[in-house]
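Source file work38.cif; content: mmCIF, C-alpha atoms and all ligand atoms.
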```
data_data
#
loop_
_atom_site.label_atom_id
_atom_site.label_comp_id
_atom_site.auth_asym_id
_atom_site.auth_seq_id
_atom_site.Cartn_x
_atom_site.Cartn_y
_atom_site.Cartn_z
CA MET A 183 122.22 115.42 75.73
CA ILE A 184 121.69 111.73 76.39
CA VAL A 185 124.62 109.45 77.19
CA GLY A 186 124.37 105.69 77.43
CA LEU A 187 126.47 103.78 79.97
CA THR A 188 126.84 100.11 79.26
CA GLY A 189 129.05 97.08 79.86
CA GLY A 190 128.82 93.37 80.49
CA ILE A 191 127.77 91.85 83.78
CA GLY A 192 130.26 92.67 86.53
CA SER A 193 132.23 95.12 84.36
CA GLY A 194 131.56 97.92 86.85
CA LYS A 195 128.74 99.97 85.28
CA SER A 196 127.15 100.83 88.63
CA THR A 197 130.55 101.67 90.09
CA VAL A 198 131.25 104.05 87.19
CA ALA A 199 127.69 105.43 87.43
CA ARG A 200 128.36 106.36 91.07
CA PHE A 201 131.48 108.31 90.08
CA PHE A 202 129.39 110.31 87.58
CA MET A 203 126.71 110.89 90.21
CA ASP A 204 129.39 112.23 92.57
CA LEU A 205 130.06 114.87 89.89
CA GLY A 206 126.38 115.86 89.94
CA VAL A 207 125.40 114.06 86.73
CA PRO A 208 121.81 112.70 86.76
CA VAL A 209 121.96 108.93 86.26
CA TYR A 210 119.01 106.69 85.40
CA ASP A 211 119.53 103.05 86.40
CA SER A 212 117.41 101.12 83.88
CA ASP A 213 117.67 97.82 85.73
CA SER A 214 116.37 99.07 89.05
CA GLU A 215 113.77 101.29 87.38
CA ALA A 216 112.53 98.26 85.41
CA LYS A 217 112.13 96.31 88.65
CA ARG A 218 110.39 99.26 90.30
CA LEU A 219 108.00 99.71 87.36
CA MET A 220 107.15 95.99 87.36
CA ASN A 221 106.04 96.45 90.97
CA THR A 222 104.24 99.76 90.62
CA SER A 223 102.77 99.99 87.11
CA LYS A 224 99.28 98.47 86.91
CA HIS A 225 99.55 98.32 83.15
CA LEU A 226 102.81 96.35 83.26
CA ARG A 227 101.48 94.03 85.94
CA LYS A 228 98.42 93.20 83.85
CA ARG A 229 100.56 92.29 80.87
CA ILE A 230 103.05 90.26 82.91
CA VAL A 231 100.25 88.30 84.59
CA SER A 232 98.58 87.60 81.25
CA LEU A 233 101.85 86.13 79.96
CA PHE A 234 103.30 84.40 83.02
CA GLY A 235 100.26 83.80 85.23
CA GLU A 236 99.23 84.99 88.70
CA GLN A 237 102.31 83.31 90.21
CA ALA A 238 104.40 86.15 88.71
CA TYR A 239 103.38 88.20 91.79
CA HIS A 240 103.26 87.63 95.53
CA GLY A 241 100.40 89.95 96.41
CA GLN A 242 101.62 93.40 95.29
CA THR A 243 105.25 92.35 94.83
CA LEU A 244 106.88 90.85 91.78
CA ASN A 245 107.88 87.22 92.34
CA LYS A 246 111.42 87.75 91.04
CA LYS A 247 112.53 84.20 91.80
CA TYR A 248 109.71 82.65 89.80
CA LEU A 249 110.07 85.04 86.88
CA ALA A 250 113.85 84.58 86.76
CA SER A 251 113.45 80.79 86.76
CA VAL A 252 111.12 81.06 83.76
CA VAL A 253 112.94 83.65 81.63
CA PHE A 254 116.51 82.58 82.24
CA ALA A 255 115.65 79.03 81.22
CA ASP A 256 113.97 80.03 77.98
CA ASP A 257 115.17 82.78 75.64
CA GLU A 258 111.76 83.10 74.01
CA GLN A 259 110.16 83.91 77.37
CA LEU A 260 112.93 86.42 78.08
CA ASP A 261 112.25 88.14 74.75
CA LYS A 262 108.54 88.31 75.58
CA LEU A 263 109.23 89.86 78.99
CA ASN A 264 111.65 92.36 77.46
CA ALA A 265 109.11 93.29 74.79
CA ILE A 266 106.77 94.39 77.58
CA VAL A 267 109.24 95.94 79.98
CA HIS A 268 111.67 97.76 77.65
CA PRO A 269 109.11 100.16 76.07
CA ALA A 270 107.77 101.01 79.54
CA VAL A 271 111.27 101.81 80.81
CA ARG A 272 112.04 103.77 77.67
CA SER A 273 109.08 106.10 78.01
CA HIS A 274 109.67 106.49 81.75
CA PHE A 275 113.32 107.38 81.02
CA GLU A 276 112.35 109.93 78.37
CA ALA A 277 109.96 111.68 80.75
CA TRP A 278 112.63 111.63 83.50
CA ALA A 279 115.34 112.98 81.16
CA LYS A 280 113.17 115.96 80.14
CA LYS A 281 112.92 117.01 83.77
CA GLN A 282 116.69 117.07 84.42
CA GLN A 283 118.54 120.37 84.47
CA PHE A 284 122.11 119.21 83.79
CA ALA A 285 124.18 119.54 80.60
CA TYR A 286 123.77 115.81 80.01
CA VAL A 287 122.11 112.76 81.56
CA ILE A 288 123.28 109.17 81.71
CA GLN A 289 121.16 106.07 81.16
CA GLU A 290 122.84 102.99 82.62
CA THR A 291 121.72 99.91 80.69
CA ALA A 292 123.36 96.50 80.36
CA LEU A 293 122.27 95.96 76.78
CA ILE A 294 122.72 98.81 74.32
CA PHE A 295 124.73 97.33 71.48
CA GLU A 296 123.03 93.93 71.88
CA ASN A 297 119.70 95.66 71.18
CA ASN A 298 121.19 97.86 68.49
CA ALA A 299 120.00 100.85 70.50
CA GLN A 300 123.11 103.04 70.20
CA GLU A 301 121.32 105.45 67.82
CA ARG A 302 119.19 106.64 70.73
CA TYR A 303 122.22 108.19 72.42
CA ASP A 304 124.40 111.20 71.69
CA ALA A 305 127.34 109.19 73.05
CA VAL A 306 127.87 105.75 74.56
CA ILE A 307 130.36 104.92 77.32
CA LEU A 308 131.41 101.27 77.54
CA VAL A 309 132.90 99.79 80.72
CA VAL A 310 135.19 96.79 80.22
CA SER A 311 137.12 94.51 82.58
CA PRO A 312 138.90 91.16 82.13
CA LEU A 313 136.46 88.26 81.93
CA GLU A 314 137.85 86.33 84.90
CA THR A 315 137.70 89.46 87.07
CA ARG A 316 134.06 90.03 86.12
CA ILE A 317 133.11 86.44 86.93
CA LYS A 318 134.84 86.67 90.32
CA ARG A 319 133.21 90.03 91.14
CA VAL A 320 129.69 88.82 90.41
CA MET A 321 130.17 85.52 92.26
CA GLU A 322 131.35 87.48 95.30
CA ARG A 323 128.75 90.25 95.04
CA ASP A 324 125.70 88.01 94.45
CA GLY A 325 126.87 84.75 96.08
CA VAL A 326 126.15 82.83 92.87
CA GLN A 327 127.86 79.98 91.01
CA LYS A 328 130.13 80.52 88.04
CA GLU A 329 127.63 78.78 85.70
CA MET A 330 124.98 81.36 86.56
CA VAL A 331 127.34 84.22 85.63
CA LEU A 332 128.35 82.48 82.39
CA GLU A 333 124.69 81.96 81.51
CA ARG A 334 123.98 85.69 81.91
CA MET A 335 127.09 86.51 79.89
CA SER A 336 125.91 84.29 77.04
CA HIS A 337 123.21 86.90 76.28
CA GLN A 338 125.80 89.66 75.94
CA LEU A 339 128.30 90.55 73.24
CA LEU A 340 132.01 90.23 73.97
CA ASP A 341 133.90 93.39 75.01
CA ALA A 342 135.97 93.13 71.82
CA GLU A 343 132.78 93.29 69.73
CA LYS A 344 131.43 96.31 71.59
CA MET A 345 134.61 98.38 71.87
CA PRO A 346 134.68 99.64 68.26
CA LEU A 347 131.04 100.77 68.62
CA ALA A 348 131.53 102.91 71.73
CA ASN A 349 132.48 106.61 71.90
CA PHE A 350 134.33 106.14 75.20
CA VAL A 351 135.80 103.00 76.76
CA ILE A 352 136.61 102.75 80.47
CA THR A 353 138.88 99.89 81.47
CA ASN A 354 137.79 99.29 85.04
CA THR A 355 140.47 97.45 86.98
CA ASP A 356 142.15 100.03 89.20
CA LEU A 357 139.45 102.20 90.80
CA GLU A 358 141.65 105.31 90.97
CA ILE A 359 142.34 105.10 87.24
CA THR A 360 138.63 104.55 86.59
CA LYS A 361 137.80 107.67 88.59
CA LYS A 362 140.37 109.69 86.64
CA THR A 363 138.97 108.44 83.32
CA VAL A 364 135.47 109.41 84.45
CA LEU A 365 136.70 112.95 85.14
CA GLU A 366 138.25 113.17 81.66
CA ILE A 367 135.10 111.89 79.95
CA HIS A 368 132.96 114.25 82.03
CA ALA A 369 135.06 117.23 80.85
CA GLN A 370 134.71 116.14 77.22
CA LEU A 371 130.96 115.62 77.54
CA LEU A 372 130.51 119.07 79.06
CA LYS A 373 132.48 120.58 76.19
CA PHE A 374 130.51 118.56 73.64
CA SER A 375 127.16 119.50 75.22
CA HIS A 376 127.87 123.21 74.59
CA LYS A 377 128.26 122.51 70.88
CA ILE A 378 124.93 120.75 70.29
P1 LIG U 1 125.83 94.16 86.79
O1 LIG U 1 125.87 94.08 85.31
O2 LIG U 1 125.75 92.83 87.41
O3 LIG U 1 124.80 95.12 87.31
P2 LIG U 1 127.92 96.12 87.04
O4 LIG U 1 128.54 96.18 85.70
O5 LIG U 1 126.99 97.24 87.40
O6 LIG U 1 127.27 94.72 87.28
P3 LIG U 1 129.23 96.67 89.54
O7 LIG U 1 128.05 96.27 90.37
O8 LIG U 1 129.59 98.11 89.48
O9 LIG U 1 129.12 96.07 88.08
O10 LIG U 1 130.53 95.86 90.03
C1 LIG U 1 130.46 94.47 90.33
C2 LIG U 1 131.16 94.22 91.66
O11 LIG U 1 132.55 94.46 91.50
C3 LIG U 1 130.70 95.14 92.78
O12 LIG U 1 130.69 94.43 93.97
C4 LIG U 1 131.75 96.25 92.79
O13 LIG U 1 131.90 96.82 94.06
C5 LIG U 1 133.01 95.50 92.37
N1 LIG U 1 133.94 96.32 91.58
C6 LIG U 1 133.63 97.07 90.49
N2 LIG U 1 134.72 97.66 89.99
C7 LIG U 1 135.76 97.29 90.77
C8 LIG U 1 137.16 97.56 90.74
N3 LIG U 1 137.72 98.36 89.83
N4 LIG U 1 137.93 96.98 91.69
C9 LIG U 1 137.37 96.17 92.62
N5 LIG U 1 136.06 95.85 92.70
C10 LIG U 1 135.25 96.40 91.78
#
```
Written as structure tokens, that's how I'd like the structure from this file.
Ligand code: ATP
Amino acid sequence: MIVGLTGGIGSGKSTVARFFMDLGVPVYDSDSEAKRLMNTSKHLRKRIVSLFGEQAYHGQTLNKKYLASVVFADDEQLDKLNAIVHPAVRSHFEAWAKKQQFAYVIQETALIFENNAQERYDAVILVVSPLETRIKRVMERDGVQKEMVLERMSHQLLDAEKMPLANFVITNTDLEITKKTVLEIHAQLLKFSHKI
């Protein structure tokens, strides 16, 4: 059974993912796997270089700063990068999921509803938090300006738009409550996994 875990920037996806991992659930972090694949896959590298030039890499390593400066300034370039990276992550995830031995696996991905990808999952968990809290968290975590956070958010749907589409919603403000909600969802997913 495949469960998607999503939420806007700074909502607390990775925090929630860690709580599931503590319960033994296999979690695939799409963002970090995408970065890893961009560094390790020869096929991806070739395609990225053909689109963005040799300066997209420093030797063997992805030049994240350069690539970010290009794609975050131009939506068309971001779409082109995603069109290369997303299918690679998807097939890597599918191969990984087949190898897992748990009742269900979680794929943590920032954009599920934005990409209309919810059909790929047996259930989707959405993490939400108040907007101001999210902005503050990301500014503190990444040491970035508010404008940068708002720019990233502009590519994402609002929580209110995503909530009716999700099977489970976690309101992540108080960590103890979040942990308790994770336990409840985990119990339901285990029950559900026996039925399919
Ligand atoms: P991104 O989309 O940027 O990857 P995310 O949704 O995965 O973000 P996290 O990295 O889990 O979010 O959380 C953002 C920051 O807020 C982290 O520094 C995390 O420790 C902190 N944080 C998350 N949830 C809470 C909470 N309930 N209370 C206090 N701090 C929190």
Proximity of chain A to ligand LIG 1 (chain U): per-residue shortest pair, 10 Å limit, only C-alpha atoms and all ligand atoms, as a tab-separated table:
```
residue	atom	partner	partner_atom	distance
A:Leu187	CA	U:LIG1	O4	9.7
A:Thr188	CA	U:LIG1	O4	7.7
A:Gly189	CA	U:LIG1	O4	5.9
A:Gly190	CA	U:LIG1	O1	5.7
A:Ile191	CA	U:LIG1	O1	3.3
A:Gly192	CA	U:LIG1	O6	3.7
A:Ser193	CA	U:LIG1	O4	4.1
A:Gly194	CA	U:LIG1	O8	3.3
A:Lys195	CA	U:LIG1	O4	3.8
A:Ser196	CA	U:LIG1	O8	3.8
A:Thr197	CA	U:LIG1	O8	3.7
A:Val198	CA	U:LIG1	O8	6.6
A:Ala199	CA	U:LIG1	O8	7.8
A:Arg200	CA	U:LIG1	O8	8.5
A:Asp211	CA	U:LIG1	O5	9.5
A:Asp213	CA	U:LIG1	O3	7.8
A:Ser214	CA	U:LIG1	O3	9.5
A:Glu290	CA	U:LIG1	O5	8.6
A:Thr291	CA	U:LIG1	O1	8.5
A:Ala292	CA	U:LIG1	O1	6.1
A:Leu293	CA	U:LIG1	O1	9.4
A:Val309	CA	U:LIG1	O4	7.5
A:Val310	CA	U:LIG1	O4	8.6
A:Ser311	CA	U:LIG1	N3	8.2
A:Thr315	CA	U:LIG1	O11	8.4
A:Arg316	CA	U:LIG1	C1	7.1
A:Ile317	CA	U:LIG1	C1	9.1
A:Lys318	CA	U:LIG1	O11	8.2
A:Arg319	CA	U:LIG1	O11	4.5
A:Val320	CA	U:LIG1	C1	5.7
A:Met321	CA	U:LIG1	C2	8.8
A:Glu322	CA	U:LIG1	O12	7.1
A:Arg323	CA	U:LIG1	O12	4.7
A:Asp324	CA	U:LIG1	O12	8.1
A:Val331	CA	U:LIG1	O2	8.9
A:Arg334	CA	U:LIG1	O2	9.2
A:Met335	CA	U:LIG1	O1	9.4
A:Thr353	CA	U:LIG1	N3	8.6
A:Asn354	CA	U:LIG1	N3	4.9
A:Thr355	CA	U:LIG1	N3	4.1
A:Asp356	CA	U:LIG1	N3	4.8
A:Leu357	CA	U:LIG1	N3	4.3
A:Glu358	CA	U:LIG1	N3	8.1
A:Ile359	CA	U:LIG1	N3	8.6
A:Thr360	CA	U:LIG1	N3	7.0
A:Lys361	CA	U:LIG1	N3	9.4
```
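Interatomic distance, CA of Ile184 (chain A) to CA of Ser273 (chain A): 13.9 Å.
If you look at CA of Ala255 (chain A) and CA of Ala342 (chain A), they are 26.5 Å away from each other.
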Between region 189-235 of chain A and region 264-271 of chain A, at 12 Å or less, what are the per-residue closest atom pairs and their distances in Å? Count all atoms listed in the file, order by chain and rising residue number, and return it as JSON lines.
```
{"residue": "A:Tyr210", "atom": "CA", "partner": "A:Val271", "partner_atom": "CA", "distance": 10.2}
{"residue": "A:Asp211", "atom": "CA", "partner": "A:Val271", "partner_atom": "CA", "distance": 10.1}
{"residue": "A:Ser212", "atom": "CA", "partner": "A:Val271", "partner_atom": "CA", "distance": 6.9}
{"residue": "A:Asp213", "atom": "CA", "partner": "A:Val271", "partner_atom": "CA", "distance": 9.0}
{"residue": "A:Ser214", "atom": "CA", "partner": "A:Val271", "partner_atom": "CA", "distance": 10.1}
{"residue": "A:Glu215", "atom": "CA", "partner": "A:Val271", "partner_atom": "CA", "distance": 7.0}
{"residue": "A:Ala216", "atom": "CA", "partner": "A:Val271", "partner_atom": "CA", "distance": 5.9}
{"residue": "A:Lys217", "atom": "CA", "partner": "A:Val267", "partner_atom": "CA", "distance": 9.1}
{"residue": "A:Arg218", "atom": "CA", "partner": "A:Val271", "partner_atom": "CA", "distance": 9.9}
{"residue": "A:Leu219", "atom": "CA", "partner": "A:Val271", "partner_atom": "CA", "distance": 7.6}
{"residue": "A:Met220", "atom": "CA", "partner": "A:Val267", "partner_atom": "CA", "distance": 7.7}
{"residue": "A:Asn221", "atom": "CA", "partner": "A:Val267", "partner_atom": "CA", "distance": 11.5}
{"residue": "A:Thr222", "atom": "CA", "partner": "A:Ala270", "partner_atom": "CA", "distance": 11.7}
{"residue": "A:Ser223", "atom": "CA", "partner": "A:Ala270", "partner_atom": "CA", "distance": 9.1}
{"residue": "A:Lys224", "atom": "CA", "partner": "A:Ala270", "partner_atom": "CA", "distance": 11.5}
{"residue": "A:His225", "atom": "CA", "partner": "A:Ala270", "partner_atom": "CA", "distance": 9.4}
{"residue": "A:Leu226", "atom": "CA", "partner": "A:Ile266", "partner_atom": "CA", "distance": 7.2}
{"residue": "A:Arg227", "atom": "CA", "partner": "A:Ile266", "partner_atom": "CA", "distance": 9.9}
{"residue": "A:Lys228", "atom": "CA", "partner": "A:Ile266", "partner_atom": "CA", "distance": 10.5}
{"residue": "A:Arg229", "atom": "CA", "partner": "A:Ile266", "partner_atom": "CA", "distance": 7.3}
{"residue": "A:Ile230", "atom": "CA", "partner": "A:Ile266", "partner_atom": "CA", "distance": 7.7}
{"residue": "A:Val231", "atom": "CA", "partner": "A:Ile266", "partner_atom": "CA", "distance": 11.3}
{"residue": "A:Ser232", "atom": "CA", "partner": "A:Ile266", "partner_atom": "CA", "distance": 11.3}
{"residue": "A:Leu233", "atom": "CA", "partner": "A:Ile266", "partner_atom": "CA", "distance": 9.9}
{"residue": "A:Phe234", "atom": "CA", "partner": "A:Ile266", "partner_atom": "CA", "distance": 11.9}
```
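Closest to His337 (chain A) among A:Phe202, A:Phe284, A:Phe254, A:Trp278 is A:Phe254, based on all atoms listed in the file.
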Practice item. Determine, counting only C-alpha atoms, which protein, DNA and RNA residues have an atom within 8 Å of an atom of Val185 (chain A); residues of the same chain fewer than 3 positions away are not included. Present the result as a count of residues only. Key: 9
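Going from CA of Val207 (chain A) to CA of Gln338 (chain A) covers 26.7 Å.
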Study note, to complete from the structure: Judged by all atoms listed in the file, the minimum distance to Lys328 (chain A) among A:Leu340, A:Val351, A:Ala285, A:Leu313 is found for A:Leu313
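With distances restricted to all atoms listed in the file, A:Val209 is the closest residue to Ala279 (chain A) from A:Leu249, A:Val209, A:Asp204, A:His376.
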Grab all the atoms of region 192-203 of chain A that the file lists, wrap them in a box along x, y and z, add 4 Å per side, and give me centre plus edge lengths in Å (one decimal) as lines of an AutoDock Vina configuration file.
```
center_x = 129.5
center_y = 101.8
center_z = 87.7
size_x = 13.5
size_y = 26.2
size_z = 14.7
```
